[in-house]
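protein-v6.cif, holding mmCIF, C-alpha atoms:
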data_start
loop_
_atom_site.label_atom_id
_atom_site.label_comp_id
_atom_site.auth_asym_id
_atom_site.auth_seq_id
_atom_site.Cartn_x
_atom_site.Cartn_y
_atom_site.Cartn_z
CA MET A 1 0.00 0.00 0.00
CA ILE A 2 1.14 3.57 -0.64
CA ASP A 3 2.85 5.63 2.08
CA ILE A 4 0.11 8.19 2.68
CA ILE A 5 2.08 9.95 5.44
CA LYS A 6 4.93 10.59 3.01
CA LEU A 7 2.54 12.11 0.45
CA LEU A 8 0.90 14.32 3.07
CA LYS A 9 4.23 15.62 4.34
CA GLU A 10 5.31 16.45 0.78
CA ASN A 11 2.23 18.56 0.07
CA GLU A 12 2.96 22.19 0.98
CA ARG A 13 -0.63 23.34 0.54
CA LEU A 14 -2.00 21.67 3.66
CA SER A 15 -1.45 22.96 7.20
CA ALA A 16 -2.02 19.76 9.17
CA TYR A 17 -3.36 16.23 8.77
CA ARG A 18 -4.85 13.30 10.61
CA VAL A 19 -4.84 9.66 9.48
CA SER A 20 -7.14 7.02 11.00
CA GLU A 21 -6.53 3.36 10.19
CA LYS A 22 -8.78 0.50 11.25
CA ALA A 23 -8.23 -3.22 10.71
CA THR A 24 -10.97 -5.69 11.66
CA SER A 25 -11.00 -9.48 11.65
CA SER A 26 -14.26 -11.31 12.26
CA TYR A 27 -15.49 -14.84 12.88
CA GLU A 28 -19.19 -15.17 12.13
CA LEU A 29 -21.74 -17.93 12.78
CA PHE A 30 -25.24 -18.03 11.24
CA PHE A 31 -27.89 -20.35 12.70
CA VAL A 32 -31.42 -21.13 11.55
CA HIS A 33 -33.52 -23.05 14.12
CA LYS A 34 -30.37 -24.15 16.00
CA LYS A 35 -28.80 -25.49 12.81
CA LEU A 36 -25.47 -23.93 11.86
CA GLU A 37 -25.93 -22.86 8.25
CA THR A 38 -22.85 -20.71 7.57
CA VAL A 39 -19.44 -19.94 9.08
CA ARG A 40 -17.55 -16.97 7.72
CA SER A 41 -14.25 -15.24 8.45
CA THR A 42 -13.41 -11.77 7.17
CA ASP A 43 -10.51 -9.35 7.27
CA THR A 44 -11.17 -5.72 6.39
CA SER A 45 -9.23 -2.47 6.66
CA SER A 46 -9.90 1.20 6.06
CA THR A 47 -7.83 4.38 5.99
CA ARG A 48 -9.46 7.78 6.43
CA VAL A 49 -7.46 10.97 5.96
CA THR A 50 -8.41 14.46 7.13
CA VAL A 51 -6.51 17.47 5.81
CA TYR A 52 -6.57 20.91 7.43
CA VAL A 53 -5.99 24.17 5.56
CA LYS A 54 -5.48 27.62 7.07
CA HIS A 55 -6.94 30.37 4.91
CA GLY A 56 -7.17 33.91 6.21
CA GLU A 57 -8.56 33.83 9.75
CA PHE A 58 -10.10 30.39 9.30
CA LEU A 59 -9.23 26.70 9.36
CA GLY A 60 -10.96 24.35 6.96
CA ASP A 61 -10.94 20.56 6.90
CA SER A 62 -12.00 17.77 4.58
CA THR A 63 -11.93 13.98 4.89
CA PHE A 64 -11.48 11.25 2.30
CA GLU A 65 -10.73 7.53 2.18
CA ILE A 66 -7.67 5.80 0.77
CA LEU A 67 -8.43 2.52 -0.97
CA GLN A 68 -6.23 -0.52 -1.44
CA SER A 69 -6.36 0.14 -5.19
CA ASP A 70 -5.02 3.71 -4.91
CA ASP A 71 -1.54 4.47 -6.25
CA GLU A 72 0.46 7.64 -5.58
CA LYS A 73 -1.14 9.50 -8.47
CA SER A 74 -4.73 8.83 -7.36
CA ALA A 75 -3.86 9.47 -3.70
CA ASN A 76 -2.27 12.84 -4.55
CA GLY A 77 -5.38 13.67 -6.55
CA LYS A 78 -7.55 12.93 -3.52
CA ILE A 79 -5.31 15.07 -1.30
CA ASP A 80 -5.49 18.04 -3.67
CA ALA A 81 -9.26 17.73 -4.03
CA ALA A 82 -9.66 17.60 -0.23
CA ILE A 83 -7.44 20.69 0.17
CA ASN A 84 -9.66 22.56 -2.29
CA ARG A 85 -12.78 21.54 -0.34
CA ALA A 86 -11.17 22.51 2.97
CA ALA A 87 -10.53 26.01 1.62
CA LEU A 88 -14.31 26.43 1.46
CA VAL A 89 -14.81 25.57 5.15
CA PHE A 90 -14.70 28.54 7.56
CA ASN A 91 -14.07 27.13 11.04
CA ARG A 92 -12.55 29.07 13.87
CA PRO A 93 -8.85 28.01 14.14
CA TYR A 94 -7.82 25.29 16.58
CA GLU A 95 -4.86 23.00 17.21
CA LEU A 96 -4.82 19.24 16.78
CA PRO A 97 -4.04 17.08 19.85
CA PRO A 98 -0.34 17.30 20.77
CA CYS A 99 2.39 14.68 20.44
CA GLY A 100 1.72 11.38 22.16
CA THR A 101 2.37 7.68 21.57
CA LEU A 102 0.44 4.66 22.79
CA ASP A 103 0.03 0.97 21.95
CA GLU A 104 -2.45 -0.74 24.28
CA THR A 105 -5.07 -3.48 24.33
CA LEU A 106 -8.42 -2.94 26.04
CA PRO A 107 -9.20 -5.51 28.77
CA SER A 108 -11.39 -8.44 27.69
CA ASN A 109 -11.67 -12.14 28.54
CA LEU A 110 -12.47 -12.85 24.87
CA TYR A 111 -8.72 -13.18 24.29
CA ASP A 112 -8.78 -16.28 26.52
CA PHE A 113 -10.46 -18.29 23.72
CA ASP A 114 -9.62 -19.13 20.15
CA GLU A 115 -12.36 -18.03 17.76
CA LYS A 116 -13.86 -21.47 17.10
CA THR A 117 -14.05 -22.35 20.79
CA LEU A 118 -15.52 -18.96 21.69
CA GLY A 119 -18.13 -19.21 18.94
CA ALA A 120 -19.17 -22.68 20.10
CA GLU A 121 -19.41 -21.59 23.75
CA ILE A 122 -21.48 -18.54 22.88
CA ALA A 123 -23.86 -20.65 20.77
CA LYS A 124 -24.17 -23.16 23.61
CA ALA A 125 -25.10 -20.38 26.06
CA VAL A 126 -27.63 -18.84 23.66
CA PHE A 127 -29.46 -22.07 22.83
CA ALA A 128 -29.51 -23.16 26.48
CA ALA A 129 -32.32 -20.61 26.83
CA ASP A 130 -34.40 -22.03 23.97
CA ASN A 131 -36.83 -24.16 25.99
CA GLU A 132 -40.03 -22.09 26.31
CA GLU A 133 -43.24 -23.74 25.07
CA ASN A 134 -44.41 -22.47 21.64
CA CYS A 135 -41.27 -20.33 21.42
CA SER A 136 -38.07 -20.71 19.45
CA LEU A 137 -35.03 -18.84 18.25
CA ASN A 138 -35.79 -18.61 14.54
CA ALA A 139 -32.43 -17.11 13.69
CA VAL A 140 -29.23 -16.41 15.58
CA GLU A 141 -26.15 -14.65 14.22
CA ILE A 142 -22.92 -14.44 16.22
CA PHE A 143 -20.16 -11.99 15.29
CA ILE A 144 -16.77 -12.10 17.03
CA TYR A 145 -14.64 -9.08 16.21
CA LYS A 146 -11.01 -8.20 16.87
CA GLU A 147 -10.10 -4.65 15.90
CA LYS A 148 -7.01 -2.48 15.72
CA THR A 149 -7.38 1.30 15.58
CA HIS A 150 -4.39 3.51 14.71
CA VAL A 151 -4.48 7.33 14.72
CA LEU A 152 -1.62 9.59 13.58
CA ASN A 153 -1.48 13.34 13.10
CA SER A 154 0.98 16.03 12.03
CA ASN A 155 1.58 17.04 15.67
CA GLY A 156 3.23 13.71 16.45
CA VAL A 157 0.27 11.69 17.72
CA ASP A 158 0.85 7.98 17.04
CA LYS A 159 -1.63 5.89 19.03
CA THR A 160 -2.88 2.33 18.64
CA GLN A 161 -5.53 0.43 20.57
CA ASN A 162 -6.72 -3.15 20.16
CA ASN A 163 -10.10 -4.45 21.25
CA ALA A 164 -12.24 -7.56 21.05
CA ARG A 165 -16.03 -7.61 21.12
CA VAL A 166 -19.04 -9.79 20.38
CA MET A 167 -22.37 -8.93 18.82
CA ILE A 168 -25.29 -11.36 18.80
CA GLU A 169 -28.45 -10.86 16.77
CA ALA A 170 -31.34 -13.15 17.68
CA ILE A 171 -34.99 -13.38 16.67
CA PRO A 172 -37.07 -15.09 19.38
CA THR A 173 -40.48 -16.11 18.01
CA PHE A 174 -43.77 -17.22 19.58
CA THR A 175 -46.18 -19.24 17.46
CA ASP A 176 -49.50 -20.92 18.23
CA GLU A 177 -52.59 -21.80 16.21
CA LYS A 178 -53.76 -18.17 16.22
CA LEU A 179 -50.75 -15.97 15.57
CA SER A 180 -46.99 -15.61 15.33
CA VAL A 181 -44.99 -12.83 17.01
CA GLU A 182 -41.26 -12.14 16.89
CA LEU A 183 -38.86 -9.72 18.56
CA TYR A 184 -35.35 -8.62 17.62
CA GLU A 185 -32.54 -8.85 20.16
CA ASP A 186 -29.17 -7.16 19.72
CA TYR A 187 -26.73 -8.15 22.47
CA ARG A 188 -23.16 -6.81 22.75
CA PHE A 189 -20.32 -7.46 25.17
CA THR A 190 -16.54 -7.60 25.64
CA GLU A 191 -16.67 -9.91 28.67
CA PHE A 192 -18.17 -13.36 28.07
CA ASN A 193 -20.39 -14.56 30.92
CA PRO A 194 -22.34 -17.63 29.73
CA GLN A 195 -24.80 -17.63 32.64
CA LYS A 196 -25.66 -13.97 32.12
CA LEU A 197 -26.03 -14.48 28.36
CA THR A 198 -28.38 -17.45 28.82
CA ALA A 199 -30.47 -15.49 31.34
CA GLU A 200 -30.74 -12.51 28.98
CA ILE A 201 -31.85 -14.63 26.02
CA ALA A 202 -34.31 -16.56 28.22
CA ARG A 203 -35.84 -13.29 29.34
CA LYS A 204 -36.28 -12.17 25.74
CA ILE A 205 -37.88 -15.48 24.78
CA LYS A 206 -40.38 -15.13 27.62
CA GLU A 207 -41.07 -11.55 26.59
CA VAL A 208 -41.95 -12.51 23.02
CA LYS A 209 -44.53 -14.92 24.43
CA ASP A 210 -45.90 -12.16 26.67
CA ARG A 211 -46.01 -9.83 23.67
CA ALA A 212 -48.38 -12.27 21.97
CA LEU A 213 -50.60 -12.39 25.06
CA ALA A 214 -50.49 -8.65 25.81
CA THR A 215 -53.63 -6.53 25.70
CA LYS A 216 -54.30 -2.80 25.86
CA PRO A 217 -55.29 -1.71 29.40
CA GLN A 218 -58.07 0.72 30.19
CA THR A 219 -56.75 4.26 29.72
CA PRO A 220 -56.15 7.06 30.54
CA LEU A 221 -54.48 6.45 33.86
CA LYS A 222 -51.70 7.95 35.97
CA THR A 223 -49.19 5.60 37.55
CA ASN A 224 -45.52 5.03 38.26
CA VAL A 225 -43.39 3.75 35.37
CA LEU A 226 -40.31 1.58 35.73
CA LEU A 227 -37.57 1.84 33.07
CA ARG A 228 -34.86 -0.73 32.39
CA ASN A 229 -31.22 -0.03 31.52
CA SER A 230 -31.74 0.51 27.77
CA GLU A 231 -34.24 3.32 28.38
CA ILE A 232 -32.18 4.73 31.26
CA TYR A 233 -29.29 4.99 28.81
CA GLY A 234 -31.57 6.84 26.39
CA VAL A 235 -32.55 9.34 29.10
CA LEU A 236 -28.91 9.97 30.02
CA LEU A 237 -27.85 10.43 26.40
CA GLU A 238 -30.31 13.28 25.95
CA LEU A 239 -29.32 14.96 29.21
CA LEU A 240 -25.60 14.59 28.52
CA MET A 241 -25.76 15.89 24.95
CA SER A 242 -26.64 19.29 26.38
CA LEU A 243 -23.44 19.26 28.48
CA ASN A 244 -21.13 18.60 25.54
CA TYR A 245 -18.60 21.34 24.68
CA SER A 246 -20.10 21.67 21.21
CA ALA A 247 -23.61 22.29 22.60
CA VAL A 248 -22.24 24.86 25.04
CA TYR A 249 -20.28 26.60 22.27
CA ALA A 250 -23.43 26.75 20.12
CA HIS A 251 -25.45 28.12 23.10
CA ALA A 252 -27.71 25.06 22.82
CA ASN A 253 -27.29 23.92 26.44
CA PRO A 254 -30.37 24.38 28.65
CA PHE A 255 -28.32 23.39 31.71
CA LYS A 256 -25.24 25.34 32.81
CA ILE A 257 -22.56 24.73 35.42
CA GLY A 258 -24.10 25.30 38.84
CA ASP A 259 -27.66 24.47 37.76
CA ASP A 260 -29.68 22.02 39.86
CA ILE A 261 -31.36 19.89 37.20
CA GLN A 262 -33.54 18.24 39.87
CA GLN A 263 -34.64 21.52 41.44
CA ASN A 264 -33.99 20.30 45.00
CA GLY A 265 -36.52 17.49 44.62
CA ASP A 266 -36.94 14.59 47.04
CA GLY A 267 -35.88 11.80 44.63
CA ASP A 268 -32.51 10.07 44.37
CA LYS A 269 -29.84 12.56 43.37
CA LEU A 270 -28.18 12.02 40.00
CA THR A 271 -24.41 11.70 39.97
CA ILE A 272 -23.02 11.04 36.48
CA THR A 273 -19.43 10.59 35.34
CA MET A 274 -18.41 10.49 31.69
CA LYS A 275 -15.81 7.75 31.40
CA ALA A 276 -13.19 6.41 29.02
CA MET A 277 -13.64 2.77 30.06
CA ILE A 278 -16.32 0.56 31.55
CA ALA A 279 -15.68 -3.16 31.93
CA GLY A 280 -17.79 -5.05 29.41
CA SER A 281 -18.63 -2.09 27.18
CA GLU A 282 -17.55 -2.08 23.54
CA ASN A 283 -17.39 1.74 23.65
CA SER A 284 -14.39 1.74 26.01
CA ALA A 285 -11.31 3.46 24.58
CA PHE A 286 -7.94 4.96 25.47
CA PHE A 287 -8.35 7.81 22.97
CA ASP A 288 -10.97 9.25 20.63
CA GLU A 289 -11.15 9.63 16.85
CA ASP A 290 -8.86 12.69 17.01
CA GLY A 291 -6.20 10.77 18.92
CA SER A 292 -6.96 12.83 22.02
CA SER A 293 -6.41 10.94 25.29
CA LEU A 294 -9.66 10.41 27.19
CA LYS A 295 -10.04 11.71 30.74
CA ASP A 296 -12.95 10.82 33.05
CA VAL A 297 -15.00 13.81 34.17
CA LYS A 298 -17.86 14.08 36.66
CA VAL A 299 -20.45 16.20 34.89
CA ILE A 300 -23.31 16.02 37.42
CA ASP A 301 -22.87 15.58 41.17
CA GLY A 302 -25.91 15.29 43.42
CA GLY A 303 -28.11 16.77 40.70
CA ILE A 304 -25.82 19.81 40.22
CA VAL A 305 -24.04 20.41 36.90
CA LYS A 306 -20.30 20.50 37.66
CA ASN A 307 -18.50 20.20 34.32
CA TYR A 308 -18.85 19.90 30.57
CA TYR A 309 -17.06 17.38 28.34
CA GLY A 310 -16.21 16.94 24.68
CA THR A 311 -13.65 17.01 21.89
CA TYR A 312 -10.23 18.63 21.92
CA ARG A 313 -11.37 21.19 19.32
CA PHE A 314 -14.44 22.50 21.15
CA GLY A 315 -12.61 22.33 24.48
CA GLN A 316 -10.16 24.84 23.02
CA TYR A 317 -12.99 27.07 21.87
CA LEU A 318 -14.29 27.18 25.46
CA GLY A 319 -10.83 27.75 26.95
CA VAL A 320 -10.69 24.39 28.77
CA ASP A 321 -7.12 23.67 29.95
CA GLU A 322 -7.35 19.88 29.53
CA PRO A 323 -10.28 18.84 27.34
CA SER A 324 -11.76 15.46 28.25
CA GLY A 325 -11.86 14.10 24.71
CA ASN A 326 -14.97 12.67 23.08
CA LEU A 327 -16.12 10.41 25.93
CA ARG A 328 -18.79 7.87 24.97
CA LEU A 329 -19.55 6.17 28.30
CA ALA A 330 -21.75 7.28 31.19
CA LYS A 331 -21.57 5.99 34.77
CA LEU A 332 -24.65 6.73 36.90
CA GLU A 333 -24.30 6.13 40.63
CA LYS A 334 -26.71 3.71 42.33
CA GLY A 335 -29.80 4.88 44.18
CA SER A 336 -31.93 3.75 47.11
CA LEU A 337 -34.68 1.75 45.38
CA LYS A 338 -35.00 -1.92 46.32
CA ARG A 339 -37.04 -4.39 44.26
CA GLU A 340 -39.23 -5.35 47.21
CA GLU A 341 -40.29 -1.72 47.68
CA LEU A 342 -41.93 -1.59 44.26
CA ASN A 343 -44.97 -3.57 45.33
CA LYS A 344 -46.15 -0.85 47.71
CA GLU A 345 -48.24 0.61 44.87
CA PRO A 346 -49.11 -0.37 41.29
CA TYR A 347 -46.65 0.45 38.50
CA ILE A 348 -45.91 -0.29 34.86
CA GLU A 349 -42.58 -1.95 34.01
CA CYS A 350 -41.53 -1.07 30.47
CA VAL A 351 -39.98 -3.85 28.38
CA SER A 352 -39.98 -2.50 24.83
CA LEU A 353 -40.37 1.11 23.72
CA SER A 354 -40.20 2.62 20.26
CA GLY A 355 -37.54 4.88 21.77
CA ILE A 356 -37.54 7.11 24.82
CA GLN A 357 -38.35 10.70 23.87
CA LEU A 358 -36.85 13.63 25.76
CA ASP A 359 -37.30 17.31 24.98
CA ILE A 360 -35.45 19.36 27.57
CA PHE A 361 -36.49 22.70 26.11
CA ASN A 362 -40.18 21.77 26.15
CA ASP A 363 -39.97 19.93 29.48
CA TYR A 364 -41.21 16.61 28.12
CA ILE A 365 -40.48 12.92 28.52
CA GLY A 366 -42.48 10.17 26.84
CA GLY A 367 -42.59 7.30 24.42
CA GLU A 368 -44.68 4.62 22.73
CA ILE A 369 -44.75 1.41 24.78
CA ARG A 370 -44.91 -1.78 22.73
CA LEU A 371 -44.67 -4.18 25.68
CA ALA A 372 -44.85 -3.64 29.41
CA TYR A 373 -46.08 -5.34 32.57
CA LEU A 374 -48.86 -3.88 34.68
CA CYS A 375 -47.70 -4.82 38.17
CA ASP A 376 -49.98 -4.82 41.20
CA LYS A 377 -48.58 -6.58 44.25
CA ASN A 378 -48.02 -10.20 43.13
CA THR A 379 -49.62 -9.97 39.67
CA LYS A 380 -47.90 -9.05 36.39
CA THR A 381 -50.12 -8.56 33.36
CA PRO A 382 -48.54 -8.05 29.91
CA ILE A 383 -49.89 -4.92 28.20
CA THR A 384 -49.30 -3.16 24.90
CA SER A 385 -50.38 -0.30 22.60
CA ILE A 386 -50.00 2.54 25.09
CA THR A 387 -47.99 5.76 25.35
CA MET A 388 -46.44 7.50 28.33
CA SER A 389 -45.87 11.21 28.89
CA ALA A 390 -44.87 13.51 31.74
CA LYS A 391 -43.14 16.77 32.53
CA LEU A 392 -39.40 16.10 32.59
CA SER A 393 -38.85 18.52 35.47
CA ASP A 394 -41.39 16.66 37.64
CA VAL A 395 -39.82 13.31 36.80
CA LEU A 396 -36.30 14.50 37.66
CA LYS A 397 -37.47 15.85 41.03
CA THR A 398 -38.92 12.52 42.16
CA VAL A 399 -36.94 9.88 40.25
CA LYS A 400 -35.82 6.75 42.12
CA LEU A 401 -32.83 4.62 41.12
CA SER A 402 -32.27 0.96 41.98
CA ASP A 403 -29.48 -0.17 44.29
CA THR A 404 -28.44 -2.85 41.76
CA GLU A 405 -26.26 -2.20 38.70
CA ASP A 406 -25.76 -3.42 35.15
CA VAL A 407 -23.82 -2.52 31.98
CA PHE A 408 -25.63 -1.73 28.74
CA VAL A 409 -23.72 -0.54 25.63
CA GLY A 410 -22.29 2.81 26.81
CA TYR A 411 -23.95 2.84 30.23
CA GLU A 412 -23.11 1.54 33.68
CA GLY A 413 -25.40 2.10 36.60
CA PRO A 414 -28.78 1.27 38.14
CA ASP A 415 -30.71 -1.32 36.15
CA LEU A 416 -34.04 0.25 37.15
CA MET A 417 -35.33 3.82 37.18
CA LEU A 418 -38.75 4.64 38.66
CA LEU A 419 -40.66 7.63 37.27
CA LYS A 420 -43.47 8.95 39.46
CA ASP A 421 -47.02 9.88 38.35
CA VAL A 422 -46.69 9.35 34.59
CA ASN A 423 -49.68 9.78 32.26
CA ILE A 424 -50.61 6.64 30.31
CA LEU A 425 -52.78 6.93 27.21
#

Could you express the structure from this file as C-alpha cells?
Amino acid sequence: MIDIIKLLKENERLSAYRVSEKATSSYELFFVHKKLETVRSTDTSSTRVTVYVKHGEFLGDSTFEILQSDDEKSANGKIDAAINRAALVFNRPYELPPCGTLDETLPSNLYDFDEKTLGAEIAKAVFAADNEENCSLNAVEIFIYKEKTHVLNSNGVDKTQNNARVMIEAIPTFTDEKLSVELYEDYRFTEFNPQKLTAEIARKIKEVKDRALATKPQTPLKTNVLLRNSEIYGVLLELLMSLNYSAVYAHANPFKIGDDIQQNGDGDKLTITMKAMIAGSENSAFFDEDGSSLKDVKVIDGGIVKNYYGTYRFGQYLGVDEPSGNLRLAKLEKGSLKREELNKEPYIECVSLSGIQLDIFNDYIGGEIRLAYLCDKNTKTPITSITMSAKLSDVLKTVKLSDTEDVFVGYEGPDLMLLKDVNIL
C-alpha cells in the first residue's frame, strides 16, 4: 500500500493532517432453528485521511478515504481535491491534539479463547435458553470481532488500541394456532459470561410470548413507570448531549454549570461521570477519533451540573485547559430503590419502547410502549399499545434509582429507574 504519510508531508498546501486506520477481523456464525448454516471469516481495513488548511482567519478541513487500489497518483489527486474543499470551510482556528504515543489493548476475557471455541461456547449459552413452550429462536447470528485502531497526526500523535467484542443478533419467536410474534434482540459485550447471556436470552424469549398475550389496558391512567437499563441509557444520552462542549459553544445547552437539574426534589440525586472505560462495554477506549487521550470527568454531582465534556477542538474554543476528549460512556451512581419496595403501589414496568423521547427545552419525557407489565402486588399482566408522557422537570425531582447495577452498551449504573405519576394513554 502507498505511504500516505509521506505524500501528506510532501504537500505544501496543507497545514495539518490526521490519518485514522482500522483493521478488523471477524469470525461469524449463522444459525437457523439451531442449525449452523454458515461460518464466515473476514478481514477488512480502512484508511481515512483528514486534511486541514489555514486560509485567512479560518481553518478548513476535509476527509477522504484511501483505498487498497489507490496508487500515488490517485492518492495525490484525492489530497489536492480535499485541500480545495477545505478552503471552502470557515471554522474558527484550533490546534490538533499534541504529540503522544500509545500501543495498548483494552481488557477483555475474549482473548482467553480461540475463535472457534468462543463461537461454540457462545452458541451453547444462547441455545440453552431455547426451551419455552411455543417459542423458538428462529435465527441467531454471532459476530466475534477483533479490531485495531491507529491514529496519527501532524503534531506527532501515534496511538494504537486493540479491542475484542461480540455482537449477537437473535430473533425469538412465539407461534400458536392463532398468531406468530417475533422480537429482535441485539446483544453486545466484551466480557463473556455464559450464565448472564443465557439469562438474557431466556428473558427475551419469555417476553416474546408475553407480547403475543399482551392486551391494551383501560386508559387514561396515571401511575408510576419503571424503566430498564436501555431506556435509562436513552434518558442519560439526551441529558448529557446538552453538556457537551459543542452544545455549550453553540449556546444550545439548557443546563449550565451550577444548575440544579432536579430543582432540589426529594428523589434520588443524580451523579453522572463520563468515562473512558467501563468493563464489558464495547465503547471503552484509550483515545478518541482525534487521537486525544480520554479523561474521566464528573459532569453532574448530586443533581448539580459541575463540568462539561467533549472534543479537543471544542474544548479549546471554550478555553478548557485539559479537554476530556470525546467520551462515549456514562456511569450513573446507584440509588436507594429496592425491588421489594416496588410492590407498595401499582406500577408499569416497560420492556420495549419505540424509543424514549426527551425534549429538555419543552420539558417533556415520553414514548410509545410496545410491551410492558402492569404490576400490582403479586400480579404481572402483559400490556401493549399505550404511550407515556410527563413533565421532565417533575420526573427528575422525584426519580428513584435501583441499588443494583448493570452494563448496557455505553452505560453503567442502576438497572431500574422509577418515574413517578406518569400519564398513560

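Here the PyMOL selection byres ((chain A and resi 122-130) around 7) matches the residues Leu118, Gly119, Ala120, Glu121, Asn131, Glu132, Ser136, Leu137, Pro194, Leu197, Thr198, Ile201 and Ala202 of chain A.
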
Report, in Å to a single decimal, how far apart atom CA of A:Val297 and atom CA of A:Tyr411 are. 14.7 Å

Run through the PyMOL selection byres ((chain A and resi 166) around 7) on the given coordinates and return the selected residues as a list in words.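 When the PyMOL selection byres ((chain A and resi 166) around 7) is applied, the selected residues are Phe143, Ile144, Tyr145, Arg165, Met167, Ile168, Arg188, Phe189 and Thr190 of chain A.
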
Put those residues in a file: C-alpha atoms, as a PDB file, in the coordinates of the input.
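Final file, again08.pdb:
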ATOM      1  CA  PHE A 143     -20.160 -11.990  15.290  1.00  0.00           C
ATOM      2  CA  ILE A 144     -16.770 -12.100  17.030  1.00  0.00           C
ATOM      3  CA  TYR A 145     -14.640  -9.080  16.210  1.00  0.00           C
ATOM      4  CA  ARG A 165     -16.030  -7.610  21.120  1.00  0.00           C
ATOM      5  CA  MET A 167     -22.370  -8.930  18.820  1.00  0.00           C
ATOM      6  CA  ILE A 168     -25.290 -11.360  18.800  1.00  0.00           C
ATOM      7  CA  ARG A 188     -23.160  -6.810  22.750  1.00  0.00           C
ATOM      8  CA  PHE A 189     -20.320  -7.460  25.170  1.00  0.00           C
ATOM      9  CA  THR A 190     -16.540  -7.600  25.640  1.00  0.00           C
TER      10      THR A 190
END

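Nearest-residue note for A:Ser292: choosing from A:Thr160, A:Thr273, A:Thr219, A:Ser180, the minimum distance belongs to A:Thr160, counting all atoms listed in the file.
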
Would you mind telling me which residue in A:Ser389, A:Ser45, A:Asn193, A:Asn91 lies nearest to A:Val225 when using only C-alpha atoms?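 Looking at the shortest contact to A:Val225, the residue is A:Ser389.
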
Is there a way to get, as an mmCIF file with C-alpha atoms, in the coordinates of the input, all residues within 10 Å of the point (2.3, -2.1, 15.8) in file coordinates, counting only C-alpha atoms?
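The result, stored in point-v2.cif:
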data_model
loop_
_atom_site.group_PDB
_atom_site.id
_atom_site.type_symbol
_atom_site.label_atom_id
_atom_site.label_comp_id
_atom_site.auth_asym_id
_atom_site.auth_seq_id
_atom_site.Cartn_x
_atom_site.Cartn_y
_atom_site.Cartn_z
ATOM 1 C CA LEU A 102 0.440 4.660 22.790
ATOM 2 C CA ASP A 103 0.030 0.970 21.950
ATOM 3 C CA GLU A 104 -2.450 -0.740 24.280
ATOM 4 C CA LYS A 148 -7.010 -2.480 15.720
ATOM 5 C CA HIS A 150 -4.390 3.510 14.710
ATOM 6 C CA LYS A 159 -1.630 5.890 19.030
ATOM 7 C CA THR A 160 -2.880 2.330 18.640
ATOM 8 C CA GLN A 161 -5.530 0.430 20.570
#

Please provide as a list in words all residues within 9 Å of A:Ser41, with the sequence filter that same-chain residues fewer than 2 positions apart are discarded (counting all atoms listed in the file). Ser25, Ser26, Tyr27, Glu28, Val39 and Asp43 of chain A

Tell me, as an MDAnalysis selection string, which residues lie within 8 Å of A:Glu333, counting all atoms listed in the file; anything in the same chain fewer than 2 positions away does not count. chainID A and resid 270:272 331 335 413:414

Got a sec to resolve the PyMOL selection byres ((chain A and resi 235-237) around 9) on this structure and send the residues as a PyMOL selection string? chain A and resi 230-234+238-242+272+330+332+356-358+365+411

Go through A:Val399, A:Cys99, A:Leu14, A:Met388 and flag the residue nearest A:Val157, using only C-alpha atoms for the distances.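 Among A:Val399, A:Cys99, A:Leu14, A:Met388, it is A:Cys99 that comes nearest to A:Val157.
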
Closest to A:Asp268 among A:Pro107, A:Pro220, A:Gly303, A:Gly100, using all atoms listed in the file? A:Gly303

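When all atoms listed in the file are used to measure the gap to A:Ile424, the shortest distance among A:Ile369, A:Leu329, A:Gly355, A:Leu221 belongs to A:Leu221.
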
Could you list, as a count of residues only, every residue within 7 Å of A:Phe286, counting only C-alpha atoms and ignoring same-chain residues fewer than 6 positions away? 3

Non-local contacts of A:Ala82 (8 Å; all atoms listed in the file; under 6 positions in same chain excluded) as a ChimeraX atom specification: /A:51,61-64

Between atom CA of A:Asp112 and atom CA of A:Leu29, distance in Å (one decimal):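 Answer for the atom CA of A:Asp112 to atom CA of A:Leu29 separation: 19.0 Å.
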
With a distance cut-off of 8 Å and all atoms listed in the file, select the neighbouring residues of stretch 401-408 of chain A, excluding the residue or stretch itself and same-chain residues fewer than 6 positions from it, and output the selection as a list in words.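 These residues fall inside the cut-off: Asn229, Ser230, Tyr233, Asp268, Gly280, Ser281, Lys334, Gly335, Ser336, Leu337, Lys338, Arg339, Pro414, Asp415, Leu416, Met417 and Leu418 of chain A.
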
Among A:Val305, A:Ala199, A:Val19, A:Leu353, A:Lys6 is approached most closely, using only C-alpha atoms, by A:Val19

So what do you get for atom CA of A:Glu147 versus atom CA of A:Ala164, distance-wise?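 Value for the atom CA of A:Glu147-atom CA of A:Ala164 distance: 6.3 Å.
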
Box time for stretch 85-94 of chain A: axis-aligned, enclosing all its listed atoms, 4 Å extra on each side; report centre and edge lengths in Å to one decimal, as AutoDock Vina command-line options.
--center_x -11.3 --center_y 25.3 --center_z 8.1 --size_x 15.0 --size_y 15.5 --size_z 24.9
